[in-house]
Amino acid sequence: MIVPAFKTLRVAALAAILSAPVMAAAPAPQDVVNARVAGFKKMGGAMKAIGDQVKSGTPDKAATLAAAQTLATTAKGQGKLFPAGTGPAAGVKTDALPAIWTNRATFDAAMAKLVGESNKLVAVAGSGDAAAIGAQMKAVGAACGACHRQFRSDD
Amino acid sequence: MTPDTSTARVWDLPVRLFHWLLVALLGFSWWSGEHHDMDWHRLSGCTILALLVFRIYWGFAGSRTARFSQFVRGPRAALAYLRTLGKRPYQAADGHNPVGGWSVIAMLAMLVVMVTAGLFAVDVDGLESGPLADYVSFDTGRAAAEVHHLVFNVLLALVVLHVLAVLFYLVGLRHNLVAPMIHGRRKTGAAAVAARLGASPWKAAIGVAIAAGFAYAVSKGFRF
């Protein structure tokens, strides 16, 4: 069949490109920006999904837990998506402020705070307790907001 | 010639209350939105929704000068009115003039779009959202938030235009439009209209009930 053969060819071509030394060393800054934006959007969607469950008054345990896990898993990966050279100085379209790289320790602490609060949300997400989930969701939101105020433009 | 000091009623009480409550709530919504005080922002927005529902109802059931059929006029009437602005002394219109009527419609339309978008809006963190946001996706909610923000700027421009027009009447035409919007009366002048305003308290009460009930249902996301 033609299609699988074509796919194999494409995978091989991609592997060749990725194994080229330059590409392996540093992905294009815009690709990194796109990846972290996608991650934040995923987290926003998960937060909204949890909020929708809280609003209903009787949160669906499985759905809330799944969304909280998406949130926590994605949050863990986000800190790695801010390598040097992916800020506004690199000429990429980003709301990330230069302060992320000049004040890295504070930024990393804010990211760690987000991961911690997200994990706590996972812990209560399966309880079906709308008040507890809502309260922990606010704590996660506060972690989002605290970081955005310092490190994100357009807020 | 002795100055004519007789007065006629021009705005009924519901129209005046609508106007000044809207001014206050629009200001408060702006403030609470800027300060991310979203519980207050939602409450203020839902109250504006009630005001809008009432005003649209009142546009059909209200007093003479409150009705859309009285003040929504074609472009020819608007142009003809603009030409009369050059004549002195200025002859006040009975209620909204044919140009001001379009200003009212434009502001009401922008308010409806802004409030509707706000009902579905979601903030960037997915934490805060309008009462109907759980009926749409995160991306749709973000788009609604952008419309909400954009239309607010259009509305601000219309409000500035409105205030400038009122100032033009006050300074340029020596005609005070603000006082009648407070006490409901204006000097009759030569173009006196003796007809009653004809605002029915019962119809007003029905309108308040409809508006409050609808806004309450929306604020609860139609969940009871």
# chains A, B, ... in the order shown; residues from 1 in each chain; ligands from 1
call {"tool": "interface_residues", "arguments": {"of": "chain B", "to": "chain A", "cutoff": "12 Å", "atoms": "only C-alpha atoms", "output": "compact mmCIF listing (two decimals) with N, CA, C and O atoms, in the first residue's frame"}}
result
# COMPACT_ATOMS: atom_id res chain seq x y z
N GLY B 33 -14.22 45.38 36.81
CA GLY B 33 -13.54 44.59 35.78
C GLY B 33 -12.04 44.85 35.79
O GLY B 33 -11.23 43.93 35.76
N GLU B 34 -11.68 46.14 35.87
CA GLU B 34 -10.26 46.50 35.88
C GLU B 34 -9.55 45.94 37.12
O GLU B 34 -8.38 45.63 37.07
N HIS B 35 -10.29 45.84 38.24
CA HIS B 35 -9.69 45.35 39.48
C HIS B 35 -9.88 43.85 39.67
O HIS B 35 -9.62 43.33 40.75
N HIS B 36 -10.35 43.18 38.63
CA HIS B 36 -10.56 41.73 38.67
C HIS B 36 -11.42 41.31 39.86
O HIS B 36 -11.21 40.27 40.46
N PHE B 120 -20.87 34.70 28.38
CA PHE B 120 -20.18 33.50 27.91
C PHE B 120 -18.66 33.61 28.07
O PHE B 120 -17.93 32.70 27.71
N ALA B 121 -18.18 34.75 28.57
CA ALA B 121 -16.74 35.01 28.59
C ALA B 121 -16.01 34.15 29.62
O ALA B 121 -16.55 33.81 30.67
N VAL B 122 -14.76 33.80 29.28
CA VAL B 122 -13.88 33.06 30.20
C VAL B 122 -12.56 33.81 30.27
O VAL B 122 -12.07 34.30 29.25
N ASP B 123 -11.98 33.92 31.47
CA ASP B 123 -10.70 34.62 31.57
C ASP B 123 -9.56 33.71 31.14
O ASP B 123 -9.74 32.51 30.92
N VAL B 124 -8.37 34.30 31.04
CA VAL B 124 -7.24 33.58 30.46
C VAL B 124 -6.86 32.35 31.28
O VAL B 124 -6.38 31.35 30.75
N ASP B 125 -7.12 32.37 32.60
CA ASP B 125 -6.77 31.24 33.45
C ASP B 125 -7.87 30.17 33.50
O ASP B 125 -7.68 29.12 34.11
N GLY B 126 -9.01 30.46 32.89
CA GLY B 126 -10.13 29.52 32.99
C GLY B 126 -10.74 29.51 34.38
O GLY B 126 -11.53 28.63 34.71
N LEU B 127 -10.36 30.49 35.20
CA LEU B 127 -10.83 30.52 36.59
C LEU B 127 -12.16 31.25 36.71
O LEU B 127 -13.10 30.75 37.32
N GLU B 128 -12.22 32.45 36.11
CA GLU B 128 -13.43 33.27 36.19
C GLU B 128 -14.19 33.18 34.87
O GLU B 128 -13.58 33.14 33.80
N SER B 129 -15.52 33.16 34.99
CA SER B 129 -16.29 33.08 33.76
C SER B 129 -17.69 33.64 33.98
O SER B 129 -18.16 33.77 35.11
N GLY B 130 -18.34 33.97 32.87
CA GLY B 130 -19.71 34.45 32.92
C GLY B 130 -20.66 33.31 33.28
O GLY B 130 -20.28 32.14 33.18
N PRO B 131 -21.89 33.66 33.69
CA PRO B 131 -22.82 32.63 34.19
C PRO B 131 -23.23 31.58 33.15
O PRO B 131 -23.72 30.52 33.52
N LEU B 132 -23.06 31.88 31.85
CA LEU B 132 -23.45 30.91 30.83
C LEU B 132 -22.24 30.26 30.16
O LEU B 132 -22.38 29.55 29.16
N ALA B 133 -21.04 30.51 30.70
CA ALA B 133 -19.82 30.04 30.04
C ALA B 133 -19.70 28.53 29.99
O ALA B 133 -19.01 27.98 29.14
N ASP B 134 -20.37 27.83 30.92
CA ASP B 134 -20.24 26.37 30.89
C ASP B 134 -21.02 25.76 29.73
O ASP B 134 -20.94 24.56 29.51
N TYR B 135 -21.75 26.59 28.97
CA TYR B 135 -22.43 26.08 27.78
C TYR B 135 -21.53 26.14 26.54
O TYR B 135 -21.92 25.67 25.48
N VAL B 136 -20.35 26.77 26.68
CA VAL B 136 -19.45 26.89 25.52
C VAL B 136 -18.06 26.37 25.89
O VAL B 136 -17.75 26.17 27.07
N SER B 137 -17.21 26.17 24.85
CA SER B 137 -15.85 25.68 25.08
C SER B 137 -14.95 26.81 25.61
O SER B 137 -15.32 27.98 25.58
N PHE B 138 -13.77 26.42 26.08
CA PHE B 138 -12.80 27.40 26.56
C PHE B 138 -12.46 28.41 25.46
O PHE B 138 -12.44 29.62 25.71
N ASP B 139 -12.21 27.91 24.24
CA ASP B 139 -11.83 28.80 23.14
C ASP B 139 -12.95 29.77 22.78
O ASP B 139 -12.71 30.95 22.54
N THR B 140 -14.19 29.27 22.76
CA THR B 140 -15.33 30.15 22.49
C THR B 140 -15.46 31.18 23.60
O THR B 140 -15.73 32.36 23.33
N GLY B 141 -15.25 30.75 24.84
CA GLY B 141 -15.31 31.65 25.97
C GLY B 141 -14.25 32.75 25.90
O GLY B 141 -14.51 33.90 26.23
N ARG B 142 -13.05 32.37 25.42
CA ARG B 142 -11.98 33.36 25.26
C ARG B 142 -12.36 34.36 24.17
O ARG B 142 -12.11 35.55 24.29
N SER B 219 -28.34 34.64 35.55
CA SER B 219 -27.23 34.67 36.51
C SER B 219 -27.01 33.30 37.14
O SER B 219 -25.91 32.99 37.59
N LYS B 220 -28.07 32.47 37.18
CA LYS B 220 -27.94 31.12 37.72
C LYS B 220 -27.62 30.11 36.62
O LYS B 220 -27.63 28.88 36.87
N GLY B 221 -27.39 30.61 35.40
CA GLY B 221 -27.10 29.71 34.28
C GLY B 221 -28.28 28.80 33.96
O GLY B 221 -28.09 27.70 33.46
N PHE B 222 -29.49 29.24 34.27
CA PHE B 222 -30.73 28.47 34.06
C PHE B 222 -30.73 27.17 34.86
O PHE B 222 -31.34 26.19 34.47
N ARG B 223 -29.97 27.16 35.98
CA ARG B 223 -29.97 25.99 36.87
C ARG B 223 -30.70 26.37 38.14
O ARG B 223 -30.36 27.36 38.78
N PHE B 224 -31.69 25.60 38.51
CA PHE B 224 -32.43 25.97 39.72
C PHE B 224 -32.47 24.83 40.71
O PHE B 224 -32.37 23.68 40.35
call {"tool": "residues_around", "arguments": {"residues": "region 213-216 of chain B", "least_positions_apart": "6", "cutoff": "9 Å", "atoms": "only C-alpha atoms", "output": "number ranges by chain"}}
result
B: 46-51, 53, 222
call {"tool": "write_last_selection", "arguments": {"atoms": "N, CA and C atoms", "output": "PDB file, in the first residue's frame"}}
result
ATOM      1  N   CYS B  46     -25.159  41.458  35.465  1.00  0.00           N
ATOM      2  CA  CYS B  46     -26.496  40.867  35.433  1.00  0.00           C
ATOM      3  C   CYS B  46     -27.558  41.923  35.728  1.00  0.00           C
ATOM      4  N   THR B  47     -27.208  42.922  36.562  1.00  0.00           N
ATOM      5  CA  THR B  47     -28.152  44.002  36.822  1.00  0.00           C
ATOM      6  C   THR B  47     -28.335  44.859  35.569  1.00  0.00           C
ATOM      7  N   ILE B  48     -27.228  45.076  34.842  1.00  0.00           N
ATOM      8  CA  ILE B  48     -27.335  45.808  33.573  1.00  0.00           C
ATOM      9  C   ILE B  48     -28.208  45.015  32.597  1.00  0.00           C
ATOM     10  N   LEU B  49     -28.071  43.694  32.617  1.00  0.00           N
ATOM     11  CA  LEU B  49     -28.921  42.847  31.760  1.00  0.00           C
ATOM     12  C   LEU B  49     -30.394  43.095  32.075  1.00  0.00           C
ATOM     13  N   ALA B  50     -30.714  43.145  33.374  1.00  0.00           N
ATOM     14  CA  ALA B  50     -32.100  43.411  33.778  1.00  0.00           C
ATOM     15  C   ALA B  50     -32.545  44.778  33.265  1.00  0.00           C
ATOM     16  N   LEU B  51     -31.669  45.781  33.392  1.00  0.00           N
ATOM     17  CA  LEU B  51     -32.004  47.124  32.912  1.00  0.00           C
ATOM     18  C   LEU B  51     -32.295  47.108  31.413  1.00  0.00           C
ATOM     19  N   VAL B  53     -33.237  44.533  29.488  1.00  0.00           N
ATOM     20  CA  VAL B  53     -34.489  43.831  29.190  1.00  0.00           C
ATOM     21  C   VAL B  53     -35.668  44.764  29.459  1.00  0.00           C
ATOM     22  N   PHE B 222     -29.488  29.241  34.272  1.00  0.00           N
ATOM     23  CA  PHE B 222     -30.732  28.466  34.062  1.00  0.00           C
ATOM     24  C   PHE B 222     -30.726  27.165  34.861  1.00  0.00           C
TER      25      PHE B 222
END
call {"tool": "atom_distance", "arguments": {"atom1": "CA of Leu158 (chain B)", "atom2": "CA of Ala106 (chain B)"}}
result
7.8 Å
